[in-house]
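S.K.: The structure file protein10.cif (mmCIF, C-alpha atoms) is provided below.
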data_run
#
loop_
_atom_site.label_atom_id
_atom_site.label_comp_id
_atom_site.auth_asym_id
_atom_site.auth_seq_id
_atom_site.Cartn_x
_atom_site.Cartn_y
_atom_site.Cartn_z
CA MET A 1 -48.69 -50.22 -145.14
CA THR A 2 -45.29 -51.41 -143.93
CA SER A 3 -45.05 -54.93 -142.60
CA GLY A 4 -42.50 -57.71 -142.04
CA VAL A 5 -38.72 -57.64 -142.25
CA ALA A 6 -37.32 -55.47 -145.05
CA PRO A 7 -34.65 -56.73 -147.45
CA ALA A 8 -31.00 -55.87 -146.75
CA ILE A 9 -29.15 -54.54 -149.78
CA THR A 10 -25.53 -55.16 -150.87
CA LEU A 11 -23.62 -53.39 -153.66
CA SER A 12 -20.73 -55.10 -155.40
CA PRO A 13 -18.63 -53.04 -155.74
CA ALA A 14 -19.58 -50.00 -153.63
CA SER A 15 -17.42 -47.70 -155.77
CA ILE A 16 -16.70 -47.92 -159.48
CA VAL A 17 -14.87 -46.03 -162.21
CA LEU A 18 -16.67 -46.60 -165.50
CA THR A 19 -14.84 -46.55 -168.85
CA SER A 20 -15.68 -47.27 -172.46
CA ALA A 21 -13.54 -50.41 -172.19
CA THR A 22 -16.03 -51.96 -169.76
CA ALA A 23 -19.17 -50.72 -171.52
CA SER A 24 -20.28 -54.28 -172.35
CA ASP A 25 -19.16 -55.85 -169.06
CA THR A 26 -21.22 -56.47 -165.94
CA VAL A 27 -19.80 -53.82 -163.63
CA GLN A 28 -22.32 -53.68 -160.80
CA THR A 29 -24.38 -56.31 -159.01
CA ILE A 30 -27.09 -55.27 -156.57
CA THR A 31 -28.26 -58.08 -154.30
CA TRP A 32 -30.61 -58.20 -151.35
CA SER A 33 -31.92 -60.64 -148.79
CA PRO A 34 -35.54 -61.77 -149.20
CA ALA A 35 -38.18 -59.83 -147.34
CA ASP A 36 -39.82 -61.80 -144.54
CA TYR A 37 -43.53 -61.33 -143.87
CA GLY A 38 -43.75 -64.21 -141.41
CA PHE A 39 -45.24 -66.61 -143.93
CA LYS A 40 -44.46 -67.94 -147.40
CA ALA A 41 -45.46 -65.26 -149.89
CA ALA A 42 -44.90 -64.15 -153.47
CA VAL A 43 -42.93 -60.93 -153.05
CA ASN A 44 -42.33 -58.50 -155.90
CA TYR A 45 -39.13 -56.45 -155.82
CA THR A 46 -38.46 -53.04 -157.37
CA VAL A 47 -35.04 -51.40 -157.37
CA GLU A 48 -35.09 -47.59 -157.02
CA ILE A 49 -32.06 -45.47 -158.02
CA VAL A 50 -31.62 -41.71 -157.72
CA GLN A 51 -28.83 -39.15 -157.41
CA ALA A 52 -27.62 -39.10 -153.82
CA GLY A 53 -29.57 -36.71 -151.64
CA ALA A 54 -32.37 -36.09 -154.13
CA GLY A 55 -34.93 -38.32 -152.41
CA PHE A 56 -36.71 -41.25 -154.01
CA GLY A 57 -39.80 -39.37 -155.22
CA ASN A 58 -38.57 -39.31 -158.83
CA ALA A 59 -36.23 -42.28 -158.73
CA LYS A 60 -35.53 -44.54 -161.70
CA THR A 61 -37.26 -47.86 -161.05
CA VAL A 62 -36.56 -51.39 -162.26
CA ASN A 63 -39.09 -54.11 -161.45
CA VAL A 64 -37.36 -57.49 -161.21
CA GLY A 65 -40.29 -59.65 -160.11
CA ASN A 66 -39.27 -62.20 -157.48
CA ALA A 67 -35.53 -62.02 -158.25
CA THR A 68 -33.16 -60.91 -155.51
CA SER A 69 -30.44 -59.35 -157.64
CA LEU A 70 -29.96 -56.87 -160.46
CA LYS A 71 -26.87 -56.54 -162.67
CA TYR A 72 -25.76 -53.53 -164.71
CA LEU A 73 -23.59 -53.37 -167.81
CA GLY A 74 -21.09 -50.52 -167.86
CA ALA A 75 -22.79 -48.58 -170.66
CA VAL A 76 -26.23 -48.87 -169.04
CA LEU A 77 -24.99 -47.75 -165.63
CA ASN A 78 -23.05 -44.88 -167.21
CA ASN A 79 -26.13 -43.60 -169.03
CA LEU A 80 -28.25 -43.99 -165.89
CA ALA A 81 -25.74 -42.08 -163.76
CA ILE A 82 -25.47 -39.24 -166.29
CA GLY A 83 -29.25 -39.12 -166.53
CA GLU A 84 -29.40 -38.75 -162.75
CA GLY A 85 -27.14 -35.71 -162.86
CA ILE A 86 -23.58 -37.04 -162.60
CA LYS A 87 -21.88 -35.20 -165.46
CA PRO A 88 -19.70 -37.17 -167.90
CA GLY A 89 -16.14 -37.53 -166.66
CA THR A 90 -16.99 -36.70 -163.05
CA THR A 91 -17.55 -38.64 -159.84
CA GLY A 92 -20.84 -38.63 -157.99
CA SER A 93 -23.08 -40.86 -155.92
CA LEU A 94 -26.31 -42.77 -156.44
CA ASP A 95 -28.70 -43.75 -153.65
CA ILE A 96 -30.20 -47.21 -154.15
CA ARG A 97 -32.94 -49.04 -152.27
CA VAL A 98 -35.22 -52.01 -152.83
CA LYS A 99 -38.99 -52.02 -152.41
CA ALA A 100 -40.53 -55.37 -151.43
CA SER A 101 -44.24 -55.52 -152.26
CA LEU A 102 -46.66 -58.16 -151.06
CA SER A 103 -49.58 -56.25 -152.56
CA ASP A 104 -50.45 -52.68 -153.58
CA SER A 105 -51.06 -51.84 -149.93
CA VAL A 106 -48.41 -53.96 -148.19
CA SER A 107 -44.73 -53.22 -148.81
CA ASN A 108 -41.47 -52.29 -147.15
CA TYR A 109 -38.14 -50.79 -148.16
CA SER A 110 -34.52 -51.69 -147.58
CA ALA A 111 -32.23 -49.09 -146.06
CA LYS A 112 -30.57 -47.11 -148.83
CA ALA A 113 -27.09 -47.98 -150.06
CA THR A 114 -24.88 -45.43 -151.79
CA LEU A 115 -22.83 -46.22 -154.89
CA SER A 116 -19.91 -43.98 -155.91
CA VAL A 117 -19.72 -43.73 -159.72
CA THR A 118 -17.22 -42.07 -162.04
CA THR A 119 -18.78 -41.62 -165.48
CA TYR A 120 -17.23 -41.28 -168.92
CA GLN A 121 -18.22 -39.19 -171.94
CA VAL A 122 -20.27 -40.88 -174.62
CA GLU A 123 -22.26 -39.67 -177.59
CA PHE A 124 -25.62 -38.32 -176.47
CA PRO A 125 -28.74 -40.30 -177.48
CA ALA A 126 -30.22 -38.79 -180.61
CA LEU A 127 -33.31 -38.39 -182.72
CA LEU A 128 -32.41 -38.13 -186.39
CA VAL A 129 -34.42 -35.97 -188.79
CA LYS A 130 -35.94 -37.98 -191.62
CA GLY A 131 -37.29 -35.86 -194.46
CA GLY A 132 -40.72 -36.51 -195.90
CA ASN A 133 -42.29 -35.93 -199.31
CA GLY A 134 -39.21 -37.05 -201.21
CA TRP A 135 -36.83 -34.88 -199.18
CA ILE A 136 -33.65 -36.94 -198.88
CA THR A 137 -31.84 -36.80 -195.53
CA PRO A 138 -28.78 -38.68 -194.24
CA SER A 139 -29.36 -42.03 -192.55
CA VAL A 140 -26.69 -41.33 -189.93
CA ARG A 141 -26.28 -38.64 -187.28
CA THR A 142 -25.59 -35.40 -189.15
CA LYS A 143 -25.07 -31.88 -187.83
CA GLY A 144 -28.08 -29.67 -188.41
CA LEU A 145 -30.43 -32.65 -188.61
CA VAL A 146 -30.29 -34.02 -185.07
CA LEU A 147 -31.89 -33.60 -181.65
CA THR A 148 -30.01 -34.93 -178.62
CA SER A 149 -30.77 -35.90 -175.02
CA VAL A 150 -28.08 -34.39 -172.80
CA ASN A 151 -29.52 -36.11 -169.71
CA PHE A 152 -29.86 -39.52 -171.39
CA ASN A 153 -33.62 -39.54 -170.92
CA GLU A 154 -36.67 -39.07 -173.14
CA LYS A 155 -36.21 -35.30 -173.62
CA PHE A 156 -34.42 -34.21 -176.80
CA GLU A 157 -33.40 -30.77 -178.05
CA GLY A 158 -31.76 -29.21 -181.06
CA TYR A 159 -31.94 -26.40 -183.58
CA LEU A 160 -33.26 -27.08 -187.09
CA ASN A 161 -33.40 -25.02 -190.25
CA LEU A 162 -35.99 -26.50 -192.62
CA PRO A 163 -36.87 -23.76 -195.12
CA ASN A 164 -38.54 -25.77 -197.88
CA ALA A 165 -42.24 -24.96 -197.82
CA ASP A 166 -43.49 -28.16 -199.45
CA GLY A 167 -46.64 -28.43 -197.38
CA TYR A 168 -48.60 -26.97 -194.47
CA GLY A 169 -46.28 -24.99 -192.22
CA GLY A 170 -43.03 -25.95 -193.95
CA ASP A 171 -40.84 -29.02 -194.31
CA ALA A 172 -42.43 -32.39 -193.67
CA PHE A 173 -40.29 -34.68 -191.55
CA GLN A 174 -40.23 -37.47 -188.99
CA LEU A 175 -37.85 -38.26 -186.13
CA VAL A 176 -36.03 -41.58 -185.83
CA SER A 177 -34.34 -42.89 -182.69
CA GLY A 178 -30.63 -43.32 -183.34
CA SER A 179 -30.52 -46.34 -181.03
CA SER A 180 -33.77 -48.26 -181.47
CA GLY A 181 -34.88 -47.06 -184.89
CA THR A 182 -38.32 -46.13 -183.51
CA LEU A 183 -40.00 -43.60 -185.80
CA TYR A 184 -41.97 -40.66 -184.39
CA GLY A 185 -44.43 -38.75 -186.52
CA TRP A 186 -47.67 -36.78 -186.53
CA GLY A 187 -49.70 -37.19 -183.36
CA GLY A 188 -52.84 -35.34 -184.40
CA THR A 189 -51.70 -31.78 -183.67
CA SER A 190 -48.62 -29.66 -184.37
CA THR A 191 -47.37 -30.27 -180.81
CA THR A 192 -47.94 -34.01 -180.44
CA MET A 193 -46.24 -37.12 -181.84
CA SER A 194 -47.13 -40.76 -182.25
CA VAL A 195 -45.00 -43.83 -182.85
CA GLY A 196 -45.08 -44.63 -186.55
CA GLY A 197 -47.16 -41.56 -187.34
CA GLY A 198 -47.14 -39.57 -190.56
CA ASN A 199 -45.14 -36.44 -191.33
CA LEU A 200 -44.61 -33.72 -188.76
CA TRP A 201 -44.92 -30.12 -189.90
CA LEU A 202 -43.11 -27.09 -188.60
CA SER A 203 -45.56 -24.65 -187.10
CA PRO A 204 -45.51 -21.65 -187.40
CA ALA A 205 -44.03 -21.07 -190.86
CA PRO A 206 -40.54 -22.34 -191.80
CA ASN A 207 -37.76 -20.71 -189.82
CA TYR A 208 -34.64 -21.44 -187.85
CA MET A 209 -36.19 -23.13 -184.83
CA LYS A 210 -35.42 -24.50 -181.41
CA VAL A 211 -37.09 -27.92 -181.31
CA ASN A 212 -37.88 -29.89 -178.14
CA ALA A 213 -39.24 -33.43 -178.35
CA ASP A 214 -40.30 -35.75 -175.53
CA THR A 215 -40.56 -39.39 -176.62
CA LYS A 216 -42.27 -40.42 -173.38
CA ALA A 217 -44.93 -37.71 -173.34
CA LEU A 218 -45.00 -37.81 -177.17
CA THR A 219 -44.87 -34.04 -177.46
CA ILE A 220 -42.91 -31.73 -179.75
CA ASN A 221 -42.55 -27.96 -179.62
CA PHE A 222 -41.08 -25.49 -182.10
CA THR A 223 -39.83 -22.01 -181.18
CA PRO A 224 -38.73 -19.70 -184.05
CA VAL A 225 -35.51 -18.02 -182.94
CA SER A 226 -33.45 -14.98 -183.90
CA PHE A 227 -30.08 -14.83 -182.14
CA SER A 228 -28.12 -11.72 -181.16
CA VAL A 229 -24.77 -10.98 -179.54
CA THR A 230 -25.64 -8.95 -176.46
CA GLY A 231 -23.07 -7.31 -174.21
CA ASP A 232 -20.95 -4.40 -173.13
CA HIS A 233 -20.13 -3.51 -176.75
CA ASN A 234 -23.73 -2.49 -177.49
CA GLY A 235 -24.95 -1.40 -174.07
CA TRP A 236 -26.59 -4.81 -173.52
CA ASN A 237 -29.07 -4.18 -176.30
CA THR A 238 -30.63 -7.59 -177.03
CA THR A 239 -31.27 -6.93 -180.75
CA ALA A 240 -28.56 -4.48 -181.86
CA THR A 241 -26.06 -7.15 -183.02
CA PRO A 242 -28.07 -9.80 -184.88
CA MET A 243 -26.61 -13.12 -186.00
CA ILE A 244 -27.35 -14.43 -189.50
CA PHE A 245 -27.85 -18.12 -190.22
CA ASN A 246 -25.38 -19.59 -192.73
CA ALA A 247 -27.05 -22.62 -194.30
CA ALA A 248 -23.78 -23.85 -195.84
CA THR A 249 -22.08 -24.21 -192.44
CA ASN A 250 -25.16 -24.64 -190.21
CA THR A 251 -23.89 -21.79 -188.04
CA LEU A 252 -25.06 -18.37 -186.90
CA VAL A 253 -22.63 -15.54 -187.66
CA ALA A 254 -22.19 -11.89 -186.69
CA ASN A 255 -19.39 -10.18 -188.66
CA ASN A 256 -17.41 -7.05 -187.86
CA VAL A 257 -18.32 -6.87 -184.19
CA SER A 258 -16.19 -4.31 -182.33
CA PHE A 259 -15.12 -5.24 -178.82
CA THR A 260 -12.98 -3.57 -176.19
CA ALA A 261 -10.78 -5.53 -173.81
CA GLY A 262 -12.79 -6.58 -170.77
CA ASN A 263 -16.11 -6.68 -172.61
CA LYS A 264 -18.56 -9.49 -171.76
CA ILE A 265 -21.27 -10.96 -173.97
CA VAL A 266 -24.27 -13.29 -173.86
CA PHE A 267 -26.10 -14.96 -176.74
CA THR A 268 -29.75 -13.87 -176.54
CA VAL A 269 -32.85 -14.88 -178.49
CA ASN A 270 -35.87 -12.95 -179.76
CA GLY A 271 -34.89 -9.79 -177.91
CA GLY A 272 -34.81 -11.34 -174.45
CA TYR A 273 -33.10 -13.72 -172.04
CA ASP A 274 -35.68 -16.50 -171.69
CA ILE A 275 -33.64 -18.42 -174.28
CA SER A 276 -30.02 -17.38 -173.80
CA TYR A 277 -26.58 -18.95 -173.51
CA LYS A 278 -23.54 -18.23 -171.35
CA VAL A 279 -20.63 -20.44 -170.23
CA ASN A 280 -19.97 -22.52 -167.13
CA ALA A 281 -16.80 -22.55 -165.04
CA ASP A 282 -15.16 -24.83 -167.63
CA GLY A 283 -15.96 -22.47 -170.51
CA LYS A 284 -18.64 -24.74 -171.96
CA MET A 285 -21.83 -23.20 -173.30
CA VAL A 286 -24.85 -23.64 -171.04
CA PHE A 287 -28.49 -22.61 -171.17
CA ALA A 288 -28.82 -19.38 -169.19
CA GLY A 289 -32.59 -18.91 -169.14
CA PRO A 290 -35.23 -19.83 -166.56
CA PRO A 291 -35.69 -21.46 -164.17
CA ASN A 292 -32.03 -21.60 -163.13
CA TRP A 293 -30.57 -18.54 -164.93
CA ALA A 294 -27.22 -20.37 -164.98
CA GLY A 295 -23.81 -19.53 -166.37
CA ASN A 296 -21.29 -16.71 -166.55
CA ASN A 297 -21.02 -13.93 -169.11
CA ILE A 298 -18.58 -14.72 -171.93
CA SER A 299 -15.27 -12.81 -172.05
CA VAL A 300 -14.03 -11.45 -175.39
CA PRO A 301 -10.37 -11.96 -176.46
CA GLY A 302 -9.48 -8.25 -176.40
CA THR A 303 -9.88 -4.99 -178.27
CA GLY A 304 -10.58 -5.39 -181.96
CA THR A 305 -13.09 -6.28 -184.66
CA TYR A 306 -14.25 -9.88 -184.61
CA LYS A 307 -16.37 -12.52 -186.29
CA VAL A 308 -18.64 -14.23 -183.77
CA THR A 309 -19.88 -17.72 -184.69
CA LEU A 310 -22.44 -19.84 -182.88
CA ASP A 311 -22.72 -23.53 -183.79
CA LEU A 312 -25.87 -25.24 -182.51
CA SER A 313 -25.96 -27.94 -185.18
CA GLY A 314 -24.76 -30.84 -183.00
CA GLY A 315 -27.75 -30.88 -180.68
CA ASP A 316 -28.08 -30.12 -176.98
CA GLY A 317 -24.84 -30.60 -175.04
CA SER A 318 -22.70 -29.87 -178.11
CA TYR A 319 -23.34 -26.17 -178.62
CA THR A 320 -20.14 -24.14 -179.27
CA TYR A 321 -19.08 -20.61 -180.12
CA LYS A 322 -16.01 -18.86 -181.56
CA ILE A 323 -14.80 -15.24 -181.41
CA GLU A 324 -12.09 -14.73 -184.02
#
Can the structure from this file be put into structure tokens for me?
M.R.:
Amino acid sequence: MTSGVAPAITLSPASIVLTSATASDTVQTITWSPADYGFKAAVNYTVEIVQAGAGFGNAKTVNVGNATSLKYLGAVLNNLAIGEGIKPGTTGSLDIRVKASLSDSVSNYSAKATLSVTTYQVEFPALLVKGGNGWITPSVRTKGLVLTSVNFNEKFEGYLNLPNADGYGGDAFQLVSGSSGTLYGWGGTSTTMSVGGGNLWLSPAPNYMKVNADTKALTINFTPVSFSVTGDHNGWNTTATPMIFNAATNTLVANNVSFTAGNKIVFTVNGGYDISYKVNADGKMVFAGPPNWAGNNISVPGTGTYKVTLDLSGGDGSYTYKIE
């Protein structure tokens, strides 16, 4: 139920260009006037933030109790903006409003205010692979042993090759947050995790795998993958030009691939397009599978015989390819 006079929100500033130099500075202050219900009351305030135009149904929320302001450090606001869909190094807008709650059934909302934000590129949040059963792994972010969160949220992705069958299903390992040090392990099944749990096991058997972990839902999923170069050169056959994993370089390679000028290619997986990769307008690799089926086919350099290399070792958001 809506009742009383809603708070009025003010952003200071209303537009901001974020940089790494101001990562530790207070760069944004959100203030609002107290809600008025016609009598003295203990009002609880929640700030809601979402990408402009998306609606507040899935907004990020910050409960501040009875305070009437909220401040953001540069790094925190940058991560929030990227997580809401404003790509690093671009300018976008965030819609912000304040909910004033007198009880679960009595509340009102301020009018929304819109903040213009220019973000900057930072290293994606990461989960580091920690080997179990005496398997020694690096204590720092290392290619081939990392999952990353491209949207700066709780969803992490990467590709792992863990071939040592030292237990049920393959390599035993745990995942460690690169920022907080929180350790995620066995959650009772091969697709669940728990904080501080025992070793996780790859299931099915050891393979080169696409791994997705959600530290909020505490789930983890493994998909064995076989990559191919699919395109004009092979009549768009999704298995005719397989890529072989090179453990020494943590890359997938297809040698002696013959192209003709004007040919286009796509990287496909397991004989289909549900997991596939193309490029965006800037030439950066993007996921091309469902539900969005995004991206453009990749152009080859010209007529000749080439080595095609796919590097997925840096985690989501850092996938690259070479045709040379």
S.K.: Give as an NGL selection string the residues that the PyMOL selection byres ((chain A and resi 191) around 6) matches when applied to the coordinates above.
M.R.: :A and (189-190 or 192 or 219-221)
S.K.: State, in Å with one decimal place, the distance from CA of Leu202 in chain A to CA of Ser276 in chain A.
M.R.: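 Separation between CA of Leu202 in chain A and CA of Ser276 in chain A: 22.0 Å.
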S.K.: Please expand the PyMOL selection byres ((chain A and resi 299-302) around 9) into the concrete residues it hits in this file, giving the result as a VMD selection string.
M.R.: chain A and resid 259 to 265 297 to 298 303 to 304 323 to 324
S.K.: Counting all atoms listed in the file, which residues come within 9 Å of (-29.6, -32.1, -183.8), with the point read in the file's coordinates, and could you list them as a list in words?
M.R.: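 Returned residue set, sorted by chain then number, is Ala126, Leu127, Leu128, Val129, Arg141, Thr142, Lys143, Gly144, Leu145, Val146, Leu147, Thr148, Phe156, Glu157, Gly158, Tyr159, Leu160, Val211, Leu312, Ser313, Gly314, Gly315 and Asp316 of chain A.
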S.K.: From (-16.0, -49.0, -161.4), in the file's coordinates, out to 8 Å: which residues are reached, counting all atoms listed in the file? Answer as a PyMOL selection string.
M.R.: chain A and resi 13+15-19+27-28+117-118
S.K.: Residues within 9 Å of Gly74 in chain A, please, as a compact mmCIF listing (two decimals) with C-alpha atoms, in the coordinates of the input. Count all atoms listed in the file; anything in the same chain fewer than 3 positions from it doesn't count.
M.R.:
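Result written to part-v8.txt:
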# COMPACT_ATOMS: atom_id res chain seq x y z
CA LEU A 18 -16.67 -46.60 -165.50
CA THR A 19 -14.84 -46.55 -168.85
CA SER A 20 -15.68 -47.27 -172.46
CA ALA A 21 -13.54 -50.41 -172.19
CA THR A 22 -16.03 -51.96 -169.76
CA ALA A 23 -19.17 -50.72 -171.52
CA SER A 24 -20.28 -54.28 -172.35
CA ASP A 25 -19.16 -55.85 -169.06
CA THR A 26 -21.22 -56.47 -165.94
CA VAL A 27 -19.80 -53.82 -163.63
CA GLN A 28 -22.32 -53.68 -160.80
CA LEU A 77 -24.99 -47.75 -165.63
CA ASN A 78 -23.05 -44.88 -167.21
CA ASN A 79 -26.13 -43.60 -169.03
S.K.: Ranking A:Thr10, A:Ser318, A:Ser107, A:Asn58 by minimum distance to Val286 in chain A and counting only C-alpha atoms, which one comes first?
M.R.: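 Among A:Thr10, A:Ser318, A:Ser107, A:Asn58, it is A:Ser318 that comes nearest to Val286 in chain A.
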S.K.: Would you mind reading off the distance between CA of Asp274 in chain A and CA of Gly231 in chain A, one decimal, in Å?
M.R.: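 Interatomic distance here is 15.8 Å.
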S.K.: Pick the closest to Lys284 in chain A from A:Ser226, A:Thr249, A:Ser105, A:Thr320: which is it, counting all atoms listed in the file?
M.R.: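 The closest residue to Lys284 in chain A is A:Thr320.
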S.K.: Let me make sure I understand: among A:Trp293, A:Tyr120, A:Phe267, A:Trp135, which one has the smallest atom-to-atom distance to Val229 in chain A if we use all atoms listed in the file?
M.R.: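 Distance minimum relative to Val229 in chain A lands on A:Phe267.
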